[in-house]
$ cat query00.txt   # compact mmCIF, C-alpha atoms
# COMPACT_ATOMS: atom_id res chain seq x y z
CA GLU A 28 3.49 26.76 37.42
CA ALA A 29 4.65 30.28 36.69
CA ALA A 30 2.08 32.16 34.63
CA VAL A 31 2.03 35.41 32.72
CA THR A 32 -1.25 36.23 31.00
CA GLN A 33 -1.62 38.92 28.36
CA SER A 34 -4.76 40.50 27.01
CA PRO A 35 -5.86 40.95 24.37
CA ARG A 36 -4.01 38.33 22.30
CA SER A 37 -4.50 40.41 19.21
CA LYS A 38 -5.74 43.88 18.42
CA VAL A 39 -6.26 46.18 15.48
CA ALA A 40 -5.97 49.87 16.30
CA VAL A 41 -6.32 53.02 14.24
CA THR A 42 -3.50 55.49 13.83
CA GLY A 43 -3.70 58.18 16.49
CA GLY A 44 -5.87 56.11 18.79
CA LYS A 45 -5.08 55.01 22.32
CA VAL A 46 -4.13 51.39 22.98
CA THR A 47 -3.71 49.63 26.30
CA LEU A 48 -2.12 46.21 26.55
CA SER A 49 -2.57 44.36 29.83
CA CYS A 50 -0.46 41.81 31.64
CA HIS A 51 -1.17 39.78 34.78
CA GLN A 52 1.28 37.48 36.57
CA THR A 53 0.66 34.96 39.31
CA ASN A 54 4.34 34.30 40.01
CA ASN A 55 4.70 36.72 42.91
CA HIS A 56 7.63 38.25 41.02
CA ASP A 57 8.94 41.71 41.70
CA TYR A 58 10.06 42.47 38.13
CA MET A 59 7.82 42.82 35.12
CA TYR A 60 8.84 43.75 31.58
CA TRP A 61 7.39 44.75 28.23
CA TYR A 62 9.22 43.73 25.07
CA ARG A 63 8.37 44.15 21.41
CA GLN A 64 9.33 41.78 18.63
CA ASP A 65 9.59 42.75 14.98
CA THR A 66 10.73 40.86 11.95
CA GLY A 67 14.46 41.42 11.60
CA HIS A 68 14.92 42.37 15.25
CA GLY A 69 15.30 40.44 18.43
CA LEU A 70 13.05 41.21 21.36
CA ARG A 71 13.66 44.74 22.56
CA LEU A 72 12.89 46.06 26.03
CA ILE A 73 10.38 48.92 26.19
CA HIS A 74 9.66 49.43 29.89
CA TYR A 75 10.12 47.47 33.06
CA SER A 76 9.13 47.74 36.71
CA TYR A 77 10.58 46.31 39.90
CA VAL A 78 7.93 47.50 42.32
CA ALA A 79 4.29 48.52 42.22
CA ASP A 80 3.57 52.17 41.38
CA SER A 81 6.95 52.59 39.72
CA THR A 82 8.11 52.05 36.14
CA GLU A 83 11.44 52.47 34.38
CA LYS A 84 12.44 53.09 30.78
CA GLY A 85 13.94 50.30 28.76
CA ASP A 86 15.90 50.55 25.52
CA ILE A 87 13.07 51.81 23.27
CA PRO A 88 10.55 53.72 25.47
CA ASP A 89 9.62 56.50 23.03
CA GLY A 90 5.93 56.45 22.19
CA TYR A 91 5.06 54.16 25.09
CA LYS A 92 4.00 54.58 28.68
CA ALA A 93 3.72 51.90 31.34
CA SER A 94 1.69 51.49 34.49
CA ARG A 95 2.19 49.09 37.43
CA PRO A 96 -0.81 49.55 39.75
CA SER A 97 -0.08 46.35 41.69
CA GLN A 98 2.56 43.64 41.88
CA GLU A 99 0.47 41.40 39.64
CA ASN A 100 -0.49 43.85 36.90
CA PHE A 101 1.56 45.77 34.36
CA SER A 102 0.10 47.70 31.42
CA LEU A 103 1.64 49.14 28.28
CA ILE A 104 -0.05 52.25 26.92
CA LEU A 105 0.24 53.73 23.46
CA GLU A 106 -1.32 57.20 23.76
CA LEU A 107 -1.14 57.93 20.03
CA ALA A 108 -0.68 54.69 18.13
CA SER A 109 1.43 54.88 14.97
CA LEU A 110 2.00 52.50 12.08
CA SER A 111 5.55 51.86 13.30
CA GLN A 112 4.18 50.34 16.49
CA THR A 113 2.75 47.38 14.65
CA ALA A 114 4.52 44.44 16.30
CA VAL A 115 4.12 41.55 18.70
CA TYR A 116 4.37 42.60 22.33
CA PHE A 117 5.50 40.31 25.12
CA CYS A 118 5.10 40.76 28.81
CA ALA A 119 7.42 38.93 31.19
CA SER A 120 8.17 38.58 34.89
CA SER A 121 11.11 37.56 37.05
CA GLN A 122 12.57 37.82 40.48
CA GLN A 123 15.45 40.18 41.19
CA GLY A 124 18.76 38.61 40.18
CA PHE A 125 16.69 36.12 38.24
CA THR A 126 17.52 32.67 37.07
CA GLU A 127 14.60 32.60 34.68
CA VAL A 128 12.34 35.15 33.02
CA PHE A 129 8.81 33.93 32.28
CA PHE A 130 7.11 35.26 29.16
CA GLY A 131 3.48 35.58 28.22
CA LYS A 132 2.13 34.37 24.88
CA GLY A 133 2.24 37.78 23.29
CA THR A 134 -0.16 40.34 21.87
CA ARG A 135 -0.16 40.93 18.14
CA LEU A 136 -0.89 44.62 17.56
CA THR A 137 -1.69 45.93 14.11
CA VAL A 138 -2.00 49.68 13.66
CA VAL A 139 -3.82 50.75 10.50
CA ASP B 8 24.98 46.32 24.37
CA ALA B 9 26.60 42.90 24.47
CA LYS B 10 25.76 40.92 21.37
CA THR B 11 25.45 37.35 20.23
CA THR B 12 25.78 35.93 16.72
CA GLN B 13 23.96 32.84 15.56
CA PRO B 14 23.31 31.20 12.20
CA ASP B 15 19.96 32.16 10.74
CA SER B 16 18.77 28.60 10.31
CA MET B 17 19.73 24.97 10.74
CA GLU B 18 18.13 21.69 9.70
CA SER B 19 18.02 18.34 11.37
CA THR B 20 16.20 15.02 11.22
CA GLU B 21 14.25 13.36 13.98
CA GLY B 22 16.44 11.32 16.30
CA GLU B 23 19.63 13.22 15.51
CA THR B 24 21.78 15.33 17.81
CA VAL B 25 21.88 19.02 16.94
CA HIS B 26 24.60 21.49 17.84
CA LEU B 27 23.43 25.10 17.82
CA PRO B 28 26.39 27.50 17.89
CA CYS B 29 26.54 30.99 19.35
CA SER B 30 29.32 33.56 19.32
CA HIS B 31 29.59 36.20 22.06
CA ALA B 32 33.06 37.57 21.53
CA THR B 33 32.57 40.71 23.66
CA ILE B 34 31.05 38.98 26.69
CA SER B 35 32.04 40.39 30.07
CA GLY B 36 33.06 38.34 33.08
CA ASN B 37 29.78 38.62 34.97
CA GLU B 38 27.43 38.12 32.02
CA TYR B 39 25.49 34.89 31.93
CA ILE B 40 24.68 33.00 28.73
CA TYR B 41 21.04 32.12 28.39
CA TRP B 42 19.17 30.05 25.82
CA TYR B 43 15.48 30.42 25.16
CA ARG B 44 13.36 28.84 22.46
CA GLN B 45 10.25 30.20 20.80
CA VAL B 46 7.57 28.56 18.69
CA PRO B 47 5.05 30.49 16.60
CA LEU B 48 2.35 32.35 18.52
CA GLN B 49 4.13 31.76 21.84
CA GLY B 50 6.51 33.69 24.02
CA PRO B 51 10.11 32.62 24.54
CA GLU B 52 10.58 29.62 26.82
CA TYR B 53 13.62 29.15 29.05
CA VAL B 54 15.93 26.29 28.04
CA THR B 55 19.11 26.68 30.07
CA HIS B 56 21.80 29.06 31.20
CA GLY B 57 25.43 29.09 32.35
CA LEU B 58 28.35 31.28 33.32
CA GLN B 59 31.55 29.27 32.86
CA GLN B 60 30.86 25.59 33.41
CA ASN B 61 28.99 23.33 31.04
CA THR B 62 25.46 22.67 32.23
CA THR B 63 22.84 20.05 31.51
CA ASN B 64 19.17 19.63 32.20
CA SER B 65 16.25 17.68 30.81
CA MET B 66 16.02 19.95 27.78
CA ALA B 67 19.60 20.41 26.62
CA PHE B 68 23.33 20.43 27.25
CA LEU B 69 25.13 23.77 27.18
CA ALA B 70 28.80 23.70 26.31
CA ILE B 71 30.71 26.93 27.05
CA ALA B 72 34.14 27.54 25.60
CA SER B 73 36.94 28.04 28.10
CA ASP B 74 37.41 31.66 26.98
CA ARG B 75 33.58 32.16 27.11
CA LYS B 76 33.56 33.75 23.67
CA SER B 77 31.28 31.07 22.28
CA SER B 78 28.83 28.44 23.39
CA THR B 79 26.91 25.54 21.88
CA LEU B 80 23.47 24.28 22.76
CA ILE B 81 23.27 20.56 22.19
CA LEU B 82 19.90 18.89 21.68
CA THR B 83 19.90 15.09 21.64
CA HIS B 84 17.35 12.87 19.93
CA VAL B 85 15.46 15.82 18.48
CA SER B 86 11.79 15.44 17.66
CA LEU B 87 9.37 17.54 15.61
CA ARG B 88 8.46 19.36 18.83
CA ASP B 89 11.99 20.75 19.00
CA ALA B 90 11.45 22.82 15.87
CA ALA B 91 11.62 26.41 17.07
CA VAL B 92 13.66 29.59 17.04
CA TYR B 93 16.51 29.22 19.53
CA HIS B 94 17.73 32.46 21.07
CA CYS B 95 21.21 32.74 22.50
CA ILE B 96 21.05 35.63 24.94
CA LEU B 97 23.32 37.43 27.34
CA ARG B 98 22.06 38.48 30.76
CA VAL B 99 23.75 41.73 31.53
CA ALA B 100 23.93 43.96 34.57
CA TRP B 101 22.05 47.17 33.99
CA THR B 102 20.99 49.94 36.31
CA GLY B 103 21.19 49.31 40.04
CA ASN B 104 20.36 45.69 40.77
CA THR B 105 18.48 45.23 37.52
CA ARG B 106 19.52 42.58 35.04
CA LYS B 107 18.24 42.38 31.50
CA LEU B 108 18.31 39.94 28.62
CA ILE B 109 19.83 41.04 25.33
CA PHE B 110 18.14 39.18 22.47
CA GLY B 111 19.52 38.61 19.01
CA LEU B 112 17.63 37.17 16.04
CA GLY B 113 18.06 33.52 16.96
CA THR B 114 18.47 30.35 14.92
CA THR B 115 15.45 28.75 13.30
CA LEU B 116 15.76 25.00 13.77
CA GLN B 117 13.83 22.89 11.28
CA VAL B 118 13.33 19.22 12.05
CA GLN B 119 12.42 16.80 9.30
CA PRO B 120 10.60 13.51 9.95
$ encode --input "query00.txt" --output "structure tokens"
Amino acid sequence: EAAVTQSPRSKVAVTGGKVTLSCHQTNNHDYMYWYRQDTGHGLRLIHYSYVADSTEKGDIPDGYKASRPSQENFSLILELASLSQTAVYFCASSQQGFTEVFFGKGTRLTVV
Amino acid sequence: DAKTTQPDSMESTEGETVHLPCSHATISGNEYIYWYRQVPLQGPEYVTHGLQQNTTNSMAFLAIASDRKSSTLILTHVSLRDAAVYHCILRVAWTGNTRKLIFGLGTTLQVQP
């Protein structure tokens, strides 16, 4: 079964600190995505990648960086965490021209 | 970006059939309609998708209007496990060969015993 695993599942970070959220997929998918979900908003795309060692900006990339060191792994990096980045973050994977996107269980990030 | 409109919430009772509506008045010809559902502390889970024809699978029936400006997800014999937020989403062409999902706020389905 398709699997996307995120770590950690929850995290508290201090304002101005660096945060790294990790994602691992065993689906052999080319595409991986990072979304954030906030109350009052649908999921919004932050960054995505369609091949290892390359990342692309999504709809809301400001304040975030991404890293895709291998096909299986995709990280989201907050270099200087801010209060406004408190949200639930979802990683996902799919094939090109996908029928289905598979989501992880999410990481709840609280910036204080 | 292409948008969908759904009611904020709906209620049902176990065993009933539920019709979850979605409006996508500005949909383009090559944009697919997707439905995902999400329960607390979990990521969205694929339910079904379609382009023009009605589709059915083990989870739901998707009815798409002939003009494609609206669709309805039909859940039969709902149980407590069907309580979730149901997202009606458009899959749109983006840069190059990339496709992306455009999420709205979804409909919270409550199921009473």
$ interface_residues --input "query00.txt" --of "chain A" --to "chain B" --cutoff "9 Å" --atoms "only C-alpha atoms" --output "PDB file with C-alpha atoms, in the coordinates of the input"
ATOM      1  CA  TYR A  58      10.060  42.470  38.130  1.00  0.00           C
ATOM      2  CA  THR A  66      10.730  40.860  11.950  1.00  0.00           C
ATOM      3  CA  GLY A  67      14.460  41.420  11.600  1.00  0.00           C
ATOM      4  CA  HIS A  68      14.920  42.370  15.250  1.00  0.00           C
ATOM      5  CA  GLY A  69      15.300  40.440  18.430  1.00  0.00           C
ATOM      6  CA  LEU A  70      13.050  41.210  21.360  1.00  0.00           C
ATOM      7  CA  ARG A  71      13.660  44.740  22.560  1.00  0.00           C
ATOM      8  CA  LEU A  72      12.890  46.060  26.030  1.00  0.00           C
ATOM      9  CA  TYR A  77      10.580  46.310  39.900  1.00  0.00           C
ATOM     10  CA  PHE A 117       5.500  40.310  25.120  1.00  0.00           C
ATOM     11  CA  CYS A 118       5.100  40.760  28.810  1.00  0.00           C
ATOM     12  CA  ALA A 119       7.420  38.930  31.190  1.00  0.00           C
ATOM     13  CA  GLN A 123      15.450  40.180  41.190  1.00  0.00           C
ATOM     14  CA  GLY A 124      18.760  38.610  40.180  1.00  0.00           C
ATOM     15  CA  PHE A 125      16.690  36.120  38.240  1.00  0.00           C
ATOM     16  CA  THR A 126      17.520  32.670  37.070  1.00  0.00           C
ATOM     17  CA  GLU A 127      14.600  32.600  34.680  1.00  0.00           C
ATOM     18  CA  VAL A 128      12.340  35.150  33.020  1.00  0.00           C
ATOM     19  CA  PHE A 129       8.810  33.930  32.280  1.00  0.00           C
ATOM     20  CA  PHE A 130       7.110  35.260  29.160  1.00  0.00           C
ATOM     21  CA  GLY A 131       3.480  35.580  28.220  1.00  0.00           C
ATOM     22  CA  LYS A 132       2.130  34.370  24.880  1.00  0.00           C
ATOM     23  CA  GLY A 133       2.240  37.780  23.290  1.00  0.00           C
ATOM     24  CA  ARG A 135      -0.160  40.930  18.140  1.00  0.00           C
TER      25      ARG A 135
END
$ residues_near_point --input "query00.txt" --point "(9.8, 51.7, 27.8)" --cutoff "9 Å" --atoms "only C-alpha atoms" --output "list in words"
Tyr60, Trp61, Tyr62, Leu72, Ile73, His74, Tyr75, Thr82, Glu83, Lys84, Gly85, Asp86, Ile87, Pro88, Asp89, Gly90, Tyr91, Lys92, Ala93 and Leu103 of chain A
$ atom_distance --input "query00.txt" --atom1 "CA of Thr12 in chain B" --atom2 "CA of Ser121 in chain A"
25.1 Å
$ axis_aligned_box --input "query00.txt" --around "range 97-112 of chain A" --padding-each-side "3 Å" --output "AutoDock Vina command-line options"
--center_x 2.1 --center_y 49.7 --center_z 27.0 --size_x 12.9 --size_y 22.5 --size_z 35.8
$ closest_residue --input "query00.txt" --among "B:Leu97, B:Leu58, B:Val25, B:Ala91" --to "Trp42 in chain B" --atoms "all atoms listed in the file"
B:Leu97
$ atom_distance --input "query00.txt" --atom1 "CA of Thr79 in chain B" --atom2 "CA of Val115 in chain A"
28.0 Å
$ residues_around --input "query00.txt" --residues "Ser97 in chain A" --least-positions-apart "6" --cutoff "9 Å" --atoms "all atoms listed in the file" --output "PyMOL selection string"
chain A and resi 78-80
$ atom_distance --input "query00.txt" --atom1 "CA of Val92 in chain B" --atom2 "CA of Lys38 in chain A"
24.1 Å
$ residues_near_point --input "query00.txt" --point "(-1.3, 41.8, 17.5)" --cutoff "12 Å" --atoms "only C-alpha atoms" --output "MDAnalysis selection string"
(chainID A and resid 33:40 46 48 63:65 112:117 132:139) or (chainID B and resid 48)
$ write_last_selection --input "query00.txt" --atoms "C-alpha atoms" --output "compact mmCIF listing (two decimals), in the frame of the given file"
# COMPACT_ATOMS: atom_id res chain seq x y z
CA GLN A 33 -1.62 38.92 28.36
CA SER A 34 -4.76 40.50 27.01
CA PRO A 35 -5.86 40.95 24.37
CA ARG A 36 -4.01 38.33 22.30
CA SER A 37 -4.50 40.41 19.21
CA LYS A 38 -5.74 43.88 18.42
CA VAL A 39 -6.26 46.18 15.48
CA ALA A 40 -5.97 49.87 16.30
CA VAL A 46 -4.13 51.39 22.98
CA LEU A 48 -2.12 46.21 26.55
CA ARG A 63 8.37 44.15 21.41
CA GLN A 64 9.33 41.78 18.63
CA ASP A 65 9.59 42.75 14.98
CA GLN A 112 4.18 50.34 16.49
CA THR A 113 2.75 47.38 14.65
CA ALA A 114 4.52 44.44 16.30
CA VAL A 115 4.12 41.55 18.70
CA TYR A 116 4.37 42.60 22.33
CA PHE A 117 5.50 40.31 25.12
CA LYS A 132 2.13 34.37 24.88
CA GLY A 133 2.24 37.78 23.29
CA THR A 134 -0.16 40.34 21.87
CA ARG A 135 -0.16 40.93 18.14
CA LEU A 136 -0.89 44.62 17.56
CA THR A 137 -1.69 45.93 14.11
CA VAL A 138 -2.00 49.68 13.66
CA VAL A 139 -3.82 50.75 10.50
CA LEU B 48 2.35 32.35 18.52
$ closest_residue --input "query00.txt" --among "A:Gly44, A:Cys50, A:Leu107, A:Pro96" --to "Thr32 in chain A" --atoms "only C-alpha atoms"
A:Cys50
$ closest_residue --input "query00.txt" --among "B:Met17, B:Leu116, B:Leu27, B:Leu87" --to "Ala70 in chain B" --atoms "all atoms listed in the file"
B:Leu27
$ residues_around --input "query00.txt" --residues "Arg88 in chain B" --least-positions-apart "5" --cutoff "12 Å" --atoms "all atoms listed in the file" --output "ChimeraX atom specification"
/B:20-22,44-47,66,82,116-120
$ closest_residue --input "query00.txt" --among "B:Ala90, B:Leu69, B:Val85, B:Val99" --to "Pro28 in chain B" --atoms "only C-alpha atoms"
B:Leu69
$ closest_residue --input "query00.txt" --among "B:Thr11, B:Trp101, B:Ser73, B:Gln59" --to "Ser30 in chain B" --atoms "only C-alpha atoms"
B:Thr11
$ decode --input "query00.txt" --residues "range 101-113 of chain A" --atoms "all heavy atoms" --output "JSON list (two decimals), in the first residue's frame"
[["chain", "number", "residue", "atom", "x", "y", "z"],
["A", 101, "PHE", "N", 11.85, 14.13, 1.09],
["A", 101, "PHE", "CA", 11.54, 15.52, 0.76],
["A", 101, "PHE", "C", 11.37, 16.27, 2.06],
["A", 101, "PHE", "O", 10.55, 15.89, 2.89],
["A", 101, "PHE", "CB", 10.25, 15.56, -0.07],
["A", 101, "PHE", "CG", 9.92, 16.87, -0.72],
["A", 101, "PHE", "CD1", 10.92, 17.68, -1.24],
["A", 101, "PHE", "CD2", 8.61, 17.29, -0.86],
["A", 101, "PHE", "CE1", 10.61, 18.88, -1.87],
["A", 101, "PHE", "CE2", 8.29, 18.48, -1.50],
["A", 101, "PHE", "CZ", 9.30, 19.27, -2.00],
["A", 102, "SER", "N", 12.16, 17.32, 2.27],
["A", 102, "SER", "CA", 12.13, 18.07, 3.52],
["A", 102, "SER", "C", 11.63, 19.48, 3.29],
["A", 102, "SER", "O", 11.84, 20.06, 2.22],
["A", 102, "SER", "CB", 13.53, 18.13, 4.15],
["A", 102, "SER", "OG", 13.99, 16.84, 4.47],
["A", 103, "LEU", "N", 10.98, 20.01, 4.30],
["A", 103, "LEU", "CA", 10.54, 21.40, 4.31],
["A", 103, "LEU", "C", 11.32, 22.11, 5.41],
["A", 103, "LEU", "O", 11.34, 21.64, 6.55],
["A", 103, "LEU", "CB", 9.05, 21.50, 4.55],
["A", 103, "LEU", "CG", 8.45, 22.90, 4.46],
["A", 103, "LEU", "CD1", 8.50, 23.41, 3.02],
["A", 103, "LEU", "CD2", 7.01, 22.91, 4.97],
["A", 104, "ILE", "N", 11.92, 23.23, 5.08],
["A", 104, "ILE", "CA", 12.81, 23.93, 6.01],
["A", 104, "ILE", "C", 12.30, 25.34, 6.25],
["A", 104, "ILE", "O", 12.04, 26.09, 5.28],
["A", 104, "ILE", "CB", 14.24, 23.98, 5.43],
["A", 104, "ILE", "CG1", 14.73, 22.56, 5.14],
["A", 104, "ILE", "CG2", 15.19, 24.69, 6.40],
["A", 104, "ILE", "CD1", 15.77, 22.49, 4.08],
["A", 105, "LEU", "N", 12.16, 25.67, 7.51],
["A", 105, "LEU", "CA", 11.83, 27.02, 7.92],
["A", 105, "LEU", "C", 13.09, 27.59, 8.56],
["A", 105, "LEU", "O", 13.46, 27.20, 9.67],
["A", 105, "LEU", "CB", 10.67, 27.03, 8.92],
["A", 105, "LEU", "CG", 9.29, 26.65, 8.44],
["A", 105, "LEU", "CD1", 9.18, 25.19, 8.00],
["A", 105, "LEU", "CD2", 8.26, 26.96, 9.52],
["A", 106, "GLU", "N", 13.80, 28.45, 7.87],
["A", 106, "GLU", "CA", 15.08, 28.96, 8.36],
["A", 106, "GLU", "C", 14.88, 29.86, 9.58],
["A", 106, "GLU", "O", 15.64, 29.81, 10.54],
["A", 106, "GLU", "CB", 15.79, 29.75, 7.26],
["A", 106, "GLU", "CG", 16.21, 28.91, 6.06],
["A", 106, "GLU", "CD", 17.52, 28.18, 6.32],
["A", 106, "GLU", "OE1", 18.07, 28.26, 7.43],
["A", 106, "GLU", "OE2", 18.01, 27.51, 5.36],
["A", 107, "LEU", "N", 13.85, 30.68, 9.54],
["A", 107, "LEU", "CA", 13.55, 31.60, 10.64],
["A", 107, "LEU", "C", 12.05, 31.49, 10.92],
["A", 107, "LEU", "O", 11.24, 32.19, 10.34],
["A", 107, "LEU", "CB", 13.92, 33.04, 10.27],
["A", 107, "LEU", "CG", 15.38, 33.35, 10.05],
["A", 107, "LEU", "CD1", 15.55, 34.75, 9.44],
["A", 107, "LEU", "CD2", 16.15, 33.28, 11.37],
["A", 108, "ALA", "N", 11.70, 30.56, 11.81],
["A", 108, "ALA", "CA", 10.29, 30.31, 12.05],
["A", 108, "ALA", "C", 9.58, 31.56, 12.61],
["A", 108, "ALA", "O", 10.15, 32.30, 13.42],
["A", 108, "ALA", "CB", 10.12, 29.16, 13.03],
["A", 109, "SER", "N", 8.36, 31.76, 12.16],
["A", 109, "SER", "CA", 7.56, 32.90, 12.63],
["A", 109, "SER", "C", 6.20, 32.39, 13.12],
["A", 109, "SER", "O", 5.77, 31.28, 12.78],
["A", 109, "SER", "CB", 7.34, 33.91, 11.50],
["A", 109, "SER", "OG", 6.53, 33.36, 10.49],
["A", 110, "LEU", "N", 5.55, 33.22, 13.92],
["A", 110, "LEU", "CA", 4.27, 32.84, 14.49],
["A", 110, "LEU", "C", 3.25, 32.47, 13.41],
["A", 110, "LEU", "O", 2.43, 31.57, 13.60],
["A", 110, "LEU", "CB", 3.72, 33.98, 15.35],
["A", 110, "LEU", "CG", 4.52, 34.35, 16.60],
["A", 110, "LEU", "CD1", 3.92, 35.58, 17.27],
["A", 110, "LEU", "CD2", 4.58, 33.19, 17.58],
["A", 111, "SER", "N", 3.34, 33.17, 12.28],
["A", 111, "SER", "CA", 2.38, 32.94, 11.20],
["A", 111, "SER", "C", 2.54, 31.58, 10.51],
["A", 111, "SER", "O", 1.70, 31.19, 9.70],
["A", 111, "SER", "CB", 2.50, 34.04, 10.15],
["A", 111, "SER", "OG", 3.76, 33.99, 9.52],
["A", 112, "GLN", "N", 3.62, 30.89, 10.85],
["A", 112, "GLN", "CA", 3.85, 29.58, 10.26],
["A", 112, "GLN", "C", 3.31, 28.45, 11.12],
["A", 112, "GLN", "O", 3.48, 27.27, 10.80],
["A", 112, "GLN", "CB", 5.34, 29.38, 9.96],
["A", 112, "GLN", "CG", 5.83, 30.32, 8.86],
["A", 112, "GLN", "CD", 7.32, 30.24, 8.60],
["A", 112, "GLN", "OE1", 8.14, 30.25, 9.53],
["A", 112, "GLN", "NE2", 7.70, 30.16, 7.33],
["A", 113, "THR", "N", 2.64, 28.79, 12.18],
["A", 113, "THR", "CA", 1.91, 27.79, 12.95],
["A", 113, "THR", "C", 0.79, 27.23, 12.09],
["A", 113, "THR", "O", -0.06, 27.98, 11.61],
["A", 113, "THR", "CB", 1.33, 28.42, 14.23],
["A", 113, "THR", "OG1", 2.39, 28.79, 15.10],
["A", 113, "THR", "CG2", 0.40, 27.45, 14.94]]
